[in-house]
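One structure is given below, encoded as structure tokens.
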Amino acid sequence: GAVVSQHPSWVICKSGTSVKIECRSLDFQATTMFWYRQFPKQSLMLMATSNEGSKATYEQGVEKDKFLINHASLTLSTLTVTSAHPEDSSFYICSAREETGGSLDTQYFGPGTRLTVL
Amino acid sequence: AQKVTQAQTEISVVEKEDVTLDCVYETRDTTYYLFWYKQPPSGELVFLIRRNSFDEQNEISGRYSWNFQKSTSSFNFTITASQVVDSAVYFCALTLGYNFNKFYFGSGTKLNVKP
């Protein structure tokens, strides 16, 4: 089946630094990718929808200047957490939509990236 | 507005017991998909099943079975003869239409299967 990868799988950084997380669709092209955030013992919440070649669409309450999303190719979307703070520590999961037409479309989720900000 | 409710926060069973995880959803859309995912401690979401709103047939896959009832807006998941390896957090999710855009996740049910 389709595979979505994320890199890195975990990262520890100091407060105030920026961290970039990559999401790649390995065997299909994805016009649309999605970024979710999951706090410990909580559910996944959609942060933003990443569209290849255009600006990302952010969910209400998500700071677009803090969470920069770039979807420069059909297989890669990046999420950059700028000036990270401890409260940004979370599990970030991306997903990519495989478009095969109509009801056969589906989303595949990446393995997640655990970010810890000290 | 869309919403997925998993009222059971945590369930503990002894190996070989059957367990049902509840999922209730809310949407006014007539076209939607429902999903179940398993999230082991590693964090990676493991896809289990998806169902579209026009297919109310129940499904069985090995020890897993799903009961979809539109009349009660429920999509429950039963594990028969549970095993320790079933221990994980299970999420029910909803997406609207055929575009597979935003997923609405329930809060998850943590299943502990004890030997």
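Residue numbering restarts at 1 in every chain; chains get A, B, ... in the order shown in the structure tokens, and ligands count up from 1 in that same order.
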Give me, as a ChimeraX atom specification, the contact residues of chain B against chain A at a cut-off of 6 Å, counting only C-alpha atoms.
/B:44,98,100,107
Smallest atom-to-atom distance to Gln6 (chain B): which of B:Val24, B:Ile60, B:Leu96, B:Val89, using only C-alpha atoms?
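Closest candidate: B:Val24.
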Asn67 (chain B) proximity check over B:Cys23, B:Ala81, B:Val113, B:Leu45, using only C-alpha atoms: winner is B:Cys23
In chain B, what's helix (DSSP H, G or I) per DSSP? Answer as an MDAnalysis selection string?
chainID B and resid 70:72 84:86
How many Å lie between CA of Leu21 (chain B) and CA of Asn99 (chain B), rounded to one decimal?
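These two atoms are separated by 26.8 Å.
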Would you kindly return, as a PyMOL selection string, each protein, DNA or RNA residue with an atom no farther than 6 Å from any atom of Phe91 (chain B), considering only C-alpha atoms and excluding same-chain residues fewer than 3 positions away?
chain B and resi 36-37+106+108
Create the file for the chosen residues now, containing all heavy atoms and written as a PDB file, in the first residue's frame.
```
ATOM      1  N   TRP B  36     -11.668   3.466  11.535  1.00  0.00           N
ATOM      2  CA  TRP B  36     -11.060   3.093  12.801  1.00  0.00           C
ATOM      3  C   TRP B  36      -9.557   2.954  12.578  1.00  0.00           C
ATOM      4  O   TRP B  36      -9.126   2.349  11.583  1.00  0.00           O
ATOM      5  CB  TRP B  36     -11.613   1.764  13.339  1.00  0.00           C
ATOM      6  CG  TRP B  36     -12.878   1.904  14.128  1.00  0.00           C
ATOM      7  CD1 TRP B  36     -14.152   1.744  13.696  1.00  0.00           C
ATOM      8  CD2 TRP B  36     -12.974   2.244  15.520  1.00  0.00           C
ATOM      9  NE1 TRP B  36     -15.041   1.963  14.710  1.00  0.00           N
ATOM     10  CE2 TRP B  36     -14.349   2.268  15.851  1.00  0.00           C
ATOM     11  CE3 TRP B  36     -12.029   2.524  16.527  1.00  0.00           C
ATOM     12  CZ2 TRP B  36     -14.806   2.559  17.135  1.00  0.00           C
ATOM     13  CZ3 TRP B  36     -12.491   2.814  17.798  1.00  0.00           C
ATOM     14  CH2 TRP B  36     -13.864   2.830  18.089  1.00  0.00           C
ATOM     15  N   TYR B  37      -8.798   3.527  13.527  1.00  0.00           N
ATOM     16  CA  TYR B  37      -7.346   3.418  13.504  1.00  0.00           C
ATOM     17  C   TYR B  37      -6.869   2.903  14.851  1.00  0.00           C
ATOM     18  O   TYR B  37      -7.449   3.200  15.890  1.00  0.00           O
ATOM     19  CB  TYR B  37      -6.684   4.778  13.256  1.00  0.00           C
ATOM     20  CG  TYR B  37      -6.822   5.295  11.852  1.00  0.00           C
ATOM     21  CD1 TYR B  37      -7.903   6.084  11.485  1.00  0.00           C
ATOM     22  CD2 TYR B  37      -5.865   5.002  10.883  1.00  0.00           C
ATOM     23  CE1 TYR B  37      -8.034   6.563  10.189  1.00  0.00           C
ATOM     24  CE2 TYR B  37      -5.985   5.490   9.584  1.00  0.00           C
ATOM     25  CZ  TYR B  37      -7.070   6.252   9.256  1.00  0.00           C
ATOM     26  OH  TYR B  37      -7.202   6.732   7.978  1.00  0.00           O
ATOM     27  N   GLY B 106     -12.199  11.073  17.036  1.00  0.00           N
ATOM     28  CA  GLY B 106     -12.697  10.980  18.400  1.00  0.00           C
ATOM     29  C   GLY B 106     -11.529  11.112  19.362  1.00  0.00           C
ATOM     30  O   GLY B 106     -10.365  11.195  18.950  1.00  0.00           O
ATOM     31  N   GLY B 108     -10.417   8.954  21.347  1.00  0.00           N
ATOM     32  CA  GLY B 108      -9.653   7.729  21.494  1.00  0.00           C
ATOM     33  C   GLY B 108     -10.054   6.910  22.711  1.00  0.00           C
ATOM     34  O   GLY B 108     -10.507   7.448  23.727  1.00  0.00           O
TER      35      GLY B 108
END
```
Out of A:Thr17, A:Arg24, A:Ser90, A:Gln60, which residue has the shortest atom-to-atom distance to Leu74 (chain A) when counting only C-alpha atoms?
A:Arg24
Test item: residues at most 12 Å from Phe35 (chain B), only C-alpha atoms, excluding those fewer than 3 positions along its chain, as a PyMOL selection string:
(chain A and resi 106-107) or (chain B and resi 4+23-25+32+38+45-53+66-68+74-77+90-96+100+103-106)
Write out as a VMD selection string all residues of region 5-97 of chain A that DSSP puts in strand (DSSP E) for this structure's backbone.
chain A and resid 5 to 7 10 to 13 19 to 25 32 to 38 44 to 51 57 to 58 67 to 73 76 to 81 90 to 97
N, CA and C atoms of the current selection, written as a compact mmCIF listing (two decimals), in the first residue's frame:
```
# COMPACT_ATOMS: atom_id res chain seq x y z
N SER A 5 6.14 8.92 4.70
CA SER A 5 7.22 8.95 5.69
C SER A 5 7.34 10.33 6.30
N GLN A 6 7.91 10.38 7.47
CA GLN A 6 8.19 11.63 8.14
C GLN A 6 9.62 11.62 8.65
N HIS A 7 10.22 12.80 8.59
CA HIS A 7 11.58 12.91 9.09
C HIS A 7 11.77 14.26 9.77
N TRP A 10 11.88 11.84 15.67
CA TRP A 10 11.83 12.58 16.93
C TRP A 10 12.91 13.66 16.90
N VAL A 11 12.65 14.72 17.64
CA VAL A 11 13.62 15.82 17.68
C VAL A 11 13.48 16.54 19.02
N ILE A 12 14.64 16.88 19.57
CA ILE A 12 14.70 17.67 20.79
C ILE A 12 15.41 18.96 20.44
N CYS A 13 14.83 20.07 20.82
CA CYS A 13 15.47 21.34 20.49
C CYS A 13 15.35 22.31 21.67
N VAL A 19 12.37 24.35 14.05
CA VAL A 19 12.48 22.93 13.71
C VAL A 19 11.67 22.65 12.45
N LYS A 20 12.27 21.93 11.51
CA LYS A 20 11.58 21.57 10.28
C LYS A 20 11.28 20.08 10.27
N ILE A 21 10.04 19.76 9.94
CA ILE A 21 9.61 18.37 9.83
C ILE A 21 9.18 18.11 8.39
N GLU A 22 9.66 17.01 7.84
CA GLU A 22 9.33 16.68 6.45
C GLU A 22 8.30 15.56 6.39
N CYS A 23 7.44 15.67 5.41
CA CYS A 23 6.44 14.63 5.15
C CYS A 23 6.53 14.28 3.67
N ARG A 24 6.77 13.01 3.40
CA ARG A 24 6.92 12.58 2.01
C ARG A 24 5.97 11.44 1.67
N SER A 25 5.35 11.55 0.50
CA SER A 25 4.60 10.42 -0.02
C SER A 25 5.57 9.64 -0.89
N THR A 32 -2.46 17.20 -2.06
CA THR A 32 -2.89 17.70 -0.75
C THR A 32 -2.31 16.85 0.36
N MET A 33 -1.72 17.52 1.32
CA MET A 33 -1.24 16.86 2.53
C MET A 33 -1.82 17.59 3.72
N PHE A 34 -1.80 16.92 4.85
CA PHE A 34 -2.43 17.47 6.05
C PHE A 34 -1.47 17.33 7.23
N TRP A 35 -1.52 18.31 8.12
CA TRP A 35 -0.71 18.27 9.33
C TRP A 35 -1.62 18.24 10.55
N TYR A 36 -1.38 17.24 11.39
CA TYR A 36 -2.14 17.08 12.62
C TYR A 36 -1.19 17.21 13.80
N ARG A 37 -1.80 17.54 14.92
CA ARG A 37 -1.03 17.66 16.15
C ARG A 37 -1.74 16.82 17.22
N GLN A 38 -0.95 16.12 17.99
CA GLN A 38 -1.53 15.30 19.04
C GLN A 38 -0.77 15.52 20.34
N LEU A 44 -6.10 13.57 17.80
CA LEU A 44 -5.42 14.30 16.74
C LEU A 44 -6.30 15.47 16.32
N MET A 45 -5.65 16.62 16.16
CA MET A 45 -6.36 17.80 15.71
C MET A 45 -5.70 18.32 14.45
N LEU A 46 -6.52 18.57 13.45
CA LEU A 46 -5.98 19.09 12.20
C LEU A 46 -5.45 20.51 12.41
N MET A 47 -4.21 20.74 11.98
CA MET A 47 -3.63 22.07 12.07
C MET A 47 -3.84 22.84 10.77
N ALA A 48 -3.52 22.15 9.67
CA ALA A 48 -3.56 22.84 8.39
C ALA A 48 -3.58 21.86 7.25
N THR A 49 -4.08 22.35 6.14
CA THR A 49 -4.09 21.59 4.89
C THR A 49 -3.05 22.21 3.97
N SER A 50 -2.17 21.37 3.49
CA SER A 50 -1.06 21.81 2.66
C SER A 50 -1.37 21.52 1.19
N ASN A 51 -1.35 22.53 0.39
CA ASN A 51 -1.68 22.38 -1.02
C ASN A 51 -0.46 22.65 -1.89
N THR A 57 -3.85 26.10 4.08
CA THR A 57 -5.07 26.55 4.75
C THR A 57 -4.99 26.12 6.20
N TYR A 58 -5.04 27.08 7.09
CA TYR A 58 -4.89 26.79 8.52
C TYR A 58 -6.24 26.70 9.21
N PHE A 67 3.69 28.21 12.55
CA PHE A 67 3.75 26.91 11.90
C PHE A 67 3.75 27.12 10.39
N LEU A 68 4.95 27.21 9.85
CA LEU A 68 5.10 27.48 8.42
C LEU A 68 5.03 26.19 7.63
N ILE A 69 4.18 26.19 6.64
CA ILE A 69 4.01 25.00 5.82
C ILE A 69 4.39 25.32 4.39
N ASN A 70 5.18 24.42 3.82
CA ASN A 70 5.58 24.55 2.43
C ASN A 70 5.35 23.24 1.71
N HIS A 71 4.67 23.32 0.59
CA HIS A 71 4.37 22.10 -0.17
C HIS A 71 4.90 22.33 -1.59
N ALA A 72 6.21 22.20 -1.71
CA ALA A 72 6.87 22.62 -2.93
C ALA A 72 6.81 21.59 -4.06
N SER A 73 6.54 20.36 -3.71
CA SER A 73 6.46 19.34 -4.76
C SER A 73 5.30 18.40 -4.45
N LEU A 76 6.33 16.16 -1.30
CA LEU A 76 6.96 16.68 -0.09
C LEU A 76 6.24 17.89 0.46
N SER A 77 5.92 17.82 1.73
CA SER A 77 5.41 18.97 2.46
C SER A 77 6.26 19.11 3.71
N THR A 78 6.56 20.35 4.08
CA THR A 78 7.34 20.57 5.30
C THR A 78 6.58 21.47 6.25
N LEU A 79 6.75 21.17 7.53
CA LEU A 79 6.19 21.99 8.61
C LEU A 79 7.36 22.52 9.41
N THR A 80 7.46 23.82 9.51
CA THR A 80 8.51 24.44 10.31
C THR A 80 7.89 25.10 11.52
N VAL A 81 8.30 24.65 12.68
CA VAL A 81 7.86 25.27 13.92
C VAL A 81 8.88 26.35 14.25
N SER A 90 4.97 18.24 21.18
CA SER A 90 3.79 17.49 20.79
C SER A 90 4.19 16.41 19.79
N PHE A 91 3.23 15.63 19.39
CA PHE A 91 3.42 14.62 18.36
C PHE A 91 2.76 15.16 17.10
N TYR A 92 3.55 15.34 16.05
CA TYR A 92 3.04 15.90 14.81
C TYR A 92 2.93 14.79 13.77
N ILE A 93 1.74 14.67 13.22
CA ILE A 93 1.47 13.62 12.25
C ILE A 93 1.01 14.25 10.94
N CYS A 94 1.59 13.79 9.86
CA CYS A 94 1.13 14.28 8.56
C CYS A 94 0.36 13.17 7.86
N SER A 95 -0.43 13.57 6.91
CA SER A 95 -1.10 12.58 6.06
C SER A 95 -1.11 13.12 4.65
N ALA A 96 -1.23 12.22 3.71
CA ALA A 96 -1.24 12.61 2.31
C ALA A 96 -2.42 11.95 1.63
N ARG A 97 -3.05 12.71 0.78
CA ARG A 97 -4.22 12.19 0.09
C ARG A 97 -3.79 11.62 -1.26
```
Of the residues A:Ser9, A:Ser83, A:Ser89, A:Thr75, which is the one nearest to Gln29 (chain A), using only C-alpha atoms?
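Smallest separation from Gln29 (chain A) among the options: A:Thr75.
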Of B:Thr27, B:Ser82, B:Thr5, B:Lys102, the one nearest to Lys70 (chain B) when counting only C-alpha atoms is B:Thr27
For CA of Leu111 (chain B) and CA of Gln2 (chain B), the interatomic separation in Å (one decimal):
24.9 Å
Which residue is closest to Ala7 (chain B)? Choose from B:Thr72, B:Asn101, B:Gln57, B:Thr109 and count only C-alpha atoms.
B:Thr109
What is the CA of Glu56 (chain B) to CA of Lys3 (chain B) distance in Å?
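Going from CA of Glu56 (chain B) over to CA of Lys3 (chain B), I get 19.4 Å.
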